[in-house]
$ cat start-v5.pdb   # PDB, C-alpha atoms, pLDDT in the B column
ATOM      1  CA  MET X  76       0.000   0.000   0.000  1.00 44.00           C
ATOM      2  CA  ASN X  77       1.317   3.435  -0.903  1.00 52.00           C
ATOM      3  CA  ASN X  78      -0.534   5.741   1.456  1.00 69.00           C
ATOM      4  CA  ASN X  79      -0.170   9.470   0.823  1.00 85.00           C
ATOM      5  CA  ILE X  80      -0.078  10.936   4.349  1.00 89.00           C
ATOM      6  CA  ASN X  81      -0.601  14.578   5.218  1.00 91.00           C
ATOM      7  CA  ILE X  82      -0.603  15.779   8.820  1.00 94.00           C
ATOM      8  CA  GLU X  83      -0.874  19.390   9.875  1.00 94.00           C
ATOM      9  CA  ILE X  84      -0.399  20.589  13.451  1.00 95.00           C
ATOM     10  CA  ILE X  85      -2.536  23.534  14.521  1.00 94.00           C
ATOM     11  CA  ASP X  86      -1.302  24.793  17.885  1.00 95.00           C
ATOM     12  CA  SER X  87      -3.667  27.161  19.668  1.00 92.00           C
ATOM     13  CA  TYR X  88      -2.285  26.362  23.144  1.00 92.00           C
ATOM     14  CA  MET X  89       0.869  28.422  23.411  1.00 90.00           C
ATOM     15  CA  GLU X  90       2.084  27.124  26.768  1.00 92.00           C
ATOM     16  CA  GLU X  91       4.873  24.595  27.277  1.00 93.00           C
ATOM     17  CA  LYS X  92       3.822  21.080  26.264  1.00 95.00           C
ATOM     18  CA  PHE X  93       4.858  17.992  24.364  1.00 94.00           C
ATOM     19  CA  VAL X  94       4.555  18.444  20.599  1.00 95.00           C
ATOM     20  CA  PRO X  95       5.508  15.430  18.477  1.00 95.00           C
ATOM     21  CA  LYS X  96       7.458  15.718  15.259  1.00 95.00           C
ATOM     22  CA  THR X  97       5.451  15.269  12.067  1.00 94.00           C
ATOM     23  CA  SER X  98       7.532  12.177  11.298  1.00 93.00           C
ATOM     24  CA  GLU X  99       6.428  10.634  14.627  1.00 94.00           C
ATOM     25  CA  LEU X 100       2.790  11.432  13.912  1.00 96.00           C
ATOM     26  CA  LYS X 101       3.057   9.821  10.485  1.00 95.00           C
ATOM     27  CA  ALA X 102       4.598   6.692  12.004  1.00 93.00           C
ATOM     28  CA  TRP X 103       1.876   6.525  14.670  1.00 95.00           C
ATOM     29  CA  LEU X 104      -0.808   7.031  12.042  1.00 95.00           C
ATOM     30  CA  THR X 105       0.648   4.304   9.838  1.00 93.00           C
ATOM     31  CA  ALA X 106       0.763   1.913  12.804  1.00 94.00           C
ATOM     32  CA  SER X 107      -2.900   2.718  13.571  1.00 95.00           C
ATOM     33  CA  LEU X 108      -4.393   2.202  10.116  1.00 93.00           C
ATOM     34  CA  MET X 109      -6.879  -0.645  10.144  1.00 90.00           C
ATOM     35  CA  SER X 110      -7.744  -0.383   6.426  1.00 88.00           C
ATOM     36  CA  ASN X 111      -5.825   0.236   3.211  1.00 87.00           C
ATOM     37  CA  TYR X 112      -6.493   3.928   2.698  1.00 90.00           C
ATOM     38  CA  GLU X 113      -5.015   5.519  -0.409  1.00 90.00           C
ATOM     39  CA  LYS X 114      -4.659   8.845   1.340  1.00 92.00           C
ATOM     40  CA  SER X 115      -4.694  10.160   4.909  1.00 93.00           C
ATOM     41  CA  SER X 116      -5.173  13.820   5.799  1.00 94.00           C
ATOM     42  CA  ILE X 117      -5.215  14.653   9.499  1.00 95.00           C
ATOM     43  CA  ASN X 118      -5.343  18.005  11.252  1.00 96.00           C
ATOM     44  CA  LEU X 119      -3.986  17.723  14.776  1.00 97.00           C
ATOM     45  CA  VAL X 120      -5.246  20.589  16.916  1.00 97.00           C
ATOM     46  CA  LEU X 121      -3.582  21.277  20.263  1.00 97.00           C
ATOM     47  CA  THR X 122      -5.888  23.310  22.443  1.00 97.00           C
ATOM     48  CA  SER X 123      -6.571  24.758  25.881  1.00 97.00           C
ATOM     49  CA  THR X 124      -8.970  23.469  28.504  1.00 97.00           C
ATOM     50  CA  SER X 125     -11.515  26.243  27.839  1.00 97.00           C
ATOM     51  CA  GLU X 126     -11.468  25.670  24.068  1.00 97.00           C
ATOM     52  CA  MET X 127     -11.881  21.923  24.585  1.00 98.00           C
ATOM     53  CA  GLU X 128     -14.760  22.496  26.966  1.00 98.00           C
ATOM     54  CA  ASN X 129     -16.507  24.637  24.334  1.00 97.00           C
ATOM     55  CA  LEU X 130     -16.045  21.913  21.689  1.00 97.00           C
ATOM     56  CA  ASN X 131     -17.262  19.208  24.055  1.00 97.00           C
ATOM     57  CA  ILE X 132     -20.418  21.170  24.833  1.00 97.00           C
ATOM     58  CA  LYS X 133     -21.058  22.108  21.198  1.00 97.00           C
ATOM     59  CA  PHE X 134     -20.467  18.712  19.601  1.00 96.00           C
ATOM     60  CA  ARG X 135     -21.183  16.192  22.376  1.00 95.00           C
ATOM     61  CA  SER X 136     -23.538  18.163  24.645  1.00 96.00           C
ATOM     62  CA  LYS X 137     -21.261  17.296  27.570  1.00 96.00           C
ATOM     63  CA  ASP X 138     -20.134  19.756  30.214  1.00 96.00           C
ATOM     64  CA  GLY X 139     -16.453  20.088  30.949  1.00 96.00           C
ATOM     65  CA  PRO X 140     -13.371  19.470  28.850  1.00 97.00           C
ATOM     66  CA  THR X 141     -12.158  16.095  27.623  1.00 97.00           C
ATOM     67  CA  ASN X 142      -8.703  14.909  26.615  1.00 98.00           C
ATOM     68  CA  VAL X 143      -9.339  14.121  22.918  1.00 98.00           C
ATOM     69  CA  LEU X 144     -12.056  14.652  20.318  1.00 98.00           C
ATOM     70  CA  SER X 145     -12.164  13.360  16.748  1.00 97.00           C
ATOM     71  CA  PHE X 146     -14.099  14.726  13.804  1.00 97.00           C
ATOM     72  CA  THR X 147     -14.094  12.429  10.805  1.00 93.00           C
ATOM     73  CA  GLU X 148     -14.583  13.076   7.114  1.00 87.00           C
ATOM     74  CA  CYS X 149     -13.278   9.734   5.876  1.00 74.00           C
ATOM     75  CA  ASN X 150     -14.543   7.270   3.327  1.00 80.00           C
ATOM     76  CA  GLU X 151     -13.338   3.850   2.152  1.00 81.00           C
ATOM     77  CA  LYS X 152     -10.305   5.258   0.305  1.00 89.00           C
ATOM     78  CA  HIS X 153      -9.495   8.436   2.224  1.00 92.00           C
ATOM     79  CA  LEU X 154      -8.979   8.784   5.970  1.00 93.00           C
ATOM     80  CA  SER X 155      -9.568  12.411   6.787  1.00 94.00           C
ATOM     81  CA  GLY X 156     -10.466  14.405   9.839  1.00 95.00           C
ATOM     82  CA  ASP X 157      -9.448  16.451  12.838  1.00 97.00           C
ATOM     83  CA  ILE X 158      -8.051  15.219  16.118  1.00 98.00           C
ATOM     84  CA  VAL X 159      -8.243  17.787  18.905  1.00 98.00           C
ATOM     85  CA  ILE X 160      -6.055  17.144  21.940  1.00 98.00           C
ATOM     86  CA  CYS X 161      -6.248  19.223  25.104  1.00 98.00           C
ATOM     87  CA  SER X 162      -2.624  19.792  26.113  1.00 97.00           C
ATOM     88  CA  PRO X 163      -3.253  20.756  29.770  1.00 97.00           C
ATOM     89  CA  ILE X 164      -5.355  17.625  30.301  1.00 98.00           C
ATOM     90  CA  VAL X 165      -2.646  15.468  28.690  1.00 98.00           C
ATOM     91  CA  GLN X 166      -0.123  16.961  31.122  1.00 97.00           C
ATOM     92  CA  ALA X 167      -2.355  16.475  34.176  1.00 97.00           C
ATOM     93  CA  GLU X 168      -3.403  12.923  33.261  1.00 98.00           C
ATOM     94  CA  ALA X 169       0.188  11.874  32.477  1.00 97.00           C
ATOM     95  CA  LYS X 170       1.298  13.143  35.870  1.00 97.00           C
ATOM     96  CA  GLU X 171      -1.600  11.366  37.599  1.00 97.00           C
ATOM     97  CA  LEU X 172      -0.899   8.114  35.712  1.00 97.00           C
ATOM     98  CA  LYS X 173       2.848   8.460  36.377  1.00 97.00           C
ATOM     99  CA  ILE X 174       3.713   8.121  32.689  1.00 96.00           C
ATOM    100  CA  SER X 175       5.488  10.474  30.309  1.00 95.00           C
ATOM    101  CA  GLU X 176       3.541  13.172  28.553  1.00 96.00           C
ATOM    102  CA  GLU X 177       4.819  11.717  25.257  1.00 95.00           C
ATOM    103  CA  HIS X 178       3.415   8.259  26.054  1.00 95.00           C
ATOM    104  CA  HIS X 179       0.007   9.627  27.026  1.00 97.00           C
ATOM    105  CA  PHE X 180      -0.102  11.943  23.999  1.00 98.00           C
ATOM    106  CA  THR X 181       0.753   9.010  21.726  1.00 97.00           C
ATOM    107  CA  HIS X 182      -2.063   6.961  23.255  1.00 97.00           C
ATOM    108  CA  LEU X 183      -4.591   9.776  22.772  1.00 98.00           C
ATOM    109  CA  PHE X 184      -3.486  10.366  19.176  1.00 98.00           C
ATOM    110  CA  ILE X 185      -3.922   6.657  18.393  1.00 98.00           C
ATOM    111  CA  HIS X 186      -7.293   6.728  20.180  1.00 98.00           C
ATOM    112  CA  GLY X 187      -8.323   9.612  17.922  1.00 97.00           C
ATOM    113  CA  ILE X 188      -7.123   7.821  14.782  1.00 97.00           C
ATOM    114  CA  LEU X 189      -9.188   4.767  15.719  1.00 97.00           C
ATOM    115  CA  HIS X 190     -12.249   6.983  16.240  1.00 96.00           C
ATOM    116  CA  LEU X 191     -11.712   8.458  12.757  1.00 96.00           C
ATOM    117  CA  GLN X 192     -11.853   4.903  11.416  1.00 95.00           C
ATOM    118  CA  GLY X 193     -15.171   4.209  13.112  1.00 93.00           C
ATOM    119  CA  TYR X 194     -14.079   2.543  16.346  1.00 95.00           C
ATOM    120  CA  ASP X 195     -15.915   3.574  19.497  1.00 94.00           C
ATOM    121  CA  HIS X 196     -16.216   2.678  23.155  1.00 94.00           C
ATOM    122  CA  ILE X 197     -19.837   3.437  23.993  1.00 92.00           C
ATOM    123  CA  PHE X 198     -20.652  -0.241  24.545  1.00 94.00           C
ATOM    124  CA  GLU X 199     -18.465  -2.513  26.681  1.00 96.00           C
ATOM    125  CA  ASP X 200     -17.638  -4.980  23.885  1.00 96.00           C
ATOM    126  CA  ASP X 201     -16.559  -2.120  21.618  1.00 95.00           C
ATOM    127  CA  ALA X 202     -14.515  -0.575  24.426  1.00 96.00           C
ATOM    128  CA  ILE X 203     -12.698  -3.868  25.047  1.00 97.00           C
ATOM    129  CA  LEU X 204     -11.943  -4.232  21.318  1.00 97.00           C
ATOM    130  CA  MET X 205     -10.725  -0.646  20.972  1.00 97.00           C
ATOM    131  CA  GLU X 206      -8.564  -0.846  24.095  1.00 97.00           C
ATOM    132  CA  GLY X 207      -6.979  -4.072  22.869  1.00 97.00           C
ATOM    133  CA  ILE X 208      -6.121  -2.498  19.521  1.00 97.00           C
ATOM    134  CA  GLU X 209      -4.664   0.555  21.280  1.00 97.00           C
ATOM    135  CA  LYS X 210      -2.465  -1.620  23.517  1.00 96.00           C
ATOM    136  CA  THR X 211      -1.175  -3.597  20.530  1.00 96.00           C
ATOM    137  CA  ILE X 212      -0.322  -0.427  18.595  1.00 96.00           C
ATOM    138  CA  LEU X 213       1.336   1.245  21.608  1.00 96.00           C
ATOM    139  CA  LYS X 214       3.419  -1.850  22.323  1.00 94.00           C
ATOM    140  CA  LYS X 215       4.579  -1.901  18.698  1.00 91.00           C
ATOM    141  CA  ILE X 216       5.410   1.829  18.660  1.00 92.00           C
ATOM    142  CA  PHE X 217       7.281   1.925  21.944  1.00 87.00           C
ATOM    143  CA  SER X 218       9.198  -1.313  21.372  1.00 82.00           C
ATOM    144  CA  PHE X 219      10.299   0.090  17.979  1.00 62.00           C
ATOM    145  CA  GLN X 220      11.442   3.361  19.619  1.00 57.00           C
ATOM    146  CA  LYS X 221      13.518   1.441  22.183  1.00 53.00           C
ATOM    147  CA  LYS X 222      15.412  -0.298  19.356  1.00 50.00           C
ATOM    148  CA  MET X 223      16.438   2.999  17.765  1.00 40.00           C
TER
END

$ encode --input "start-v5.pdb" --output "structure tokens"
Amino acid sequence: MNNNINIEIIDSYMEEKFVPKTSELKAWLTASLMSNYEKSSINLVLTSTSEMENLNIKFRSKDGPTNVLSFTECNEKHLSGDIVICSPIVQAEAKELKISEEHHFTHLFIHGILHLQGYDHIFEDDAILMEGIEKTILKKIFSFQKKM
């Protein structure tokens, strides 16, 4: 498969935070593809807690911010959409979980990519499936990084 990948980072949260390299994002995206898409176009938006809260209310009718939201525009041949990650929540959750900000960010990015492809976790069976896929992808990514 020759997948044409385009990723753009839109950073509206100007505080200190982890920001992956585009090459890392492309590798994570490639590792997370569950279908043979001809093209992938992803906008990664890094945002503040207040901006994320506004998006969560507007698009999910849920009060409060969340860590990641995905907005898909994909079809069978083209994976396309926006992944919005709340940088302050990533930092706080990573600290609480006692993991690196990079590891948590990677997990949330993969989570968003799976949502773009139609995976969800509303029902328990779907949540178990999605979590298993995430763990497999994360294990592959981080074991590859250790070898470098």

$ closest_atom_pairs --input "start-v5.pdb" --of "segment 102-152 of chain X" --to "segment 163-181 of chain X" --cutoff "7 Å" --atoms "only C-alpha atoms" --output "Markdown table"
| residue | atom | partner | partner_atom | distance |
| --- | --- | --- | --- | --- |
| X:Ser123 | CA | X:Pro163 | CA | 6.5 |
| X:Thr124 | CA | X:Pro163 | CA | 6.5 |
| X:Asn142 | CA | X:Ile164 | CA | 5.7 |

$ resolve_selection --input "start-v5.pdb" --expression "the PyMOL selection byres ((chain X and resi 121) around 8)" --output "PyMOL selection string"
chain X and resi 84-88+119-120+122-123+159-162

$ residues_around --input "start-v5.pdb" --residues "segment 99-115 of chain X" --least-positions-apart "6" --cutoff "12 Å" --atoms "all atoms listed in the file" --output "PyMOL selection string"
chain X and resi 76-84+147-158+177-178+180-194+205+208-217+219-220

$ resolve_selection --input "start-v5.pdb" --expression "the PyMOL selection byres ((chain X and resi 128) around 8)" --output "PyMOL selection string"
chain X and resi 124-127+129-132+138-141

$ axis_aligned_box --input "start-v5.pdb" --around "segment 105-120 of chain X" --padding-each-side "6 Å" --output "lines of an AutoDock Vina configuration file"
center_x = -3.5
center_y = 10.0
center_z = 8.3
size_x = 20.5
size_y = 33.2
size_z = 29.3
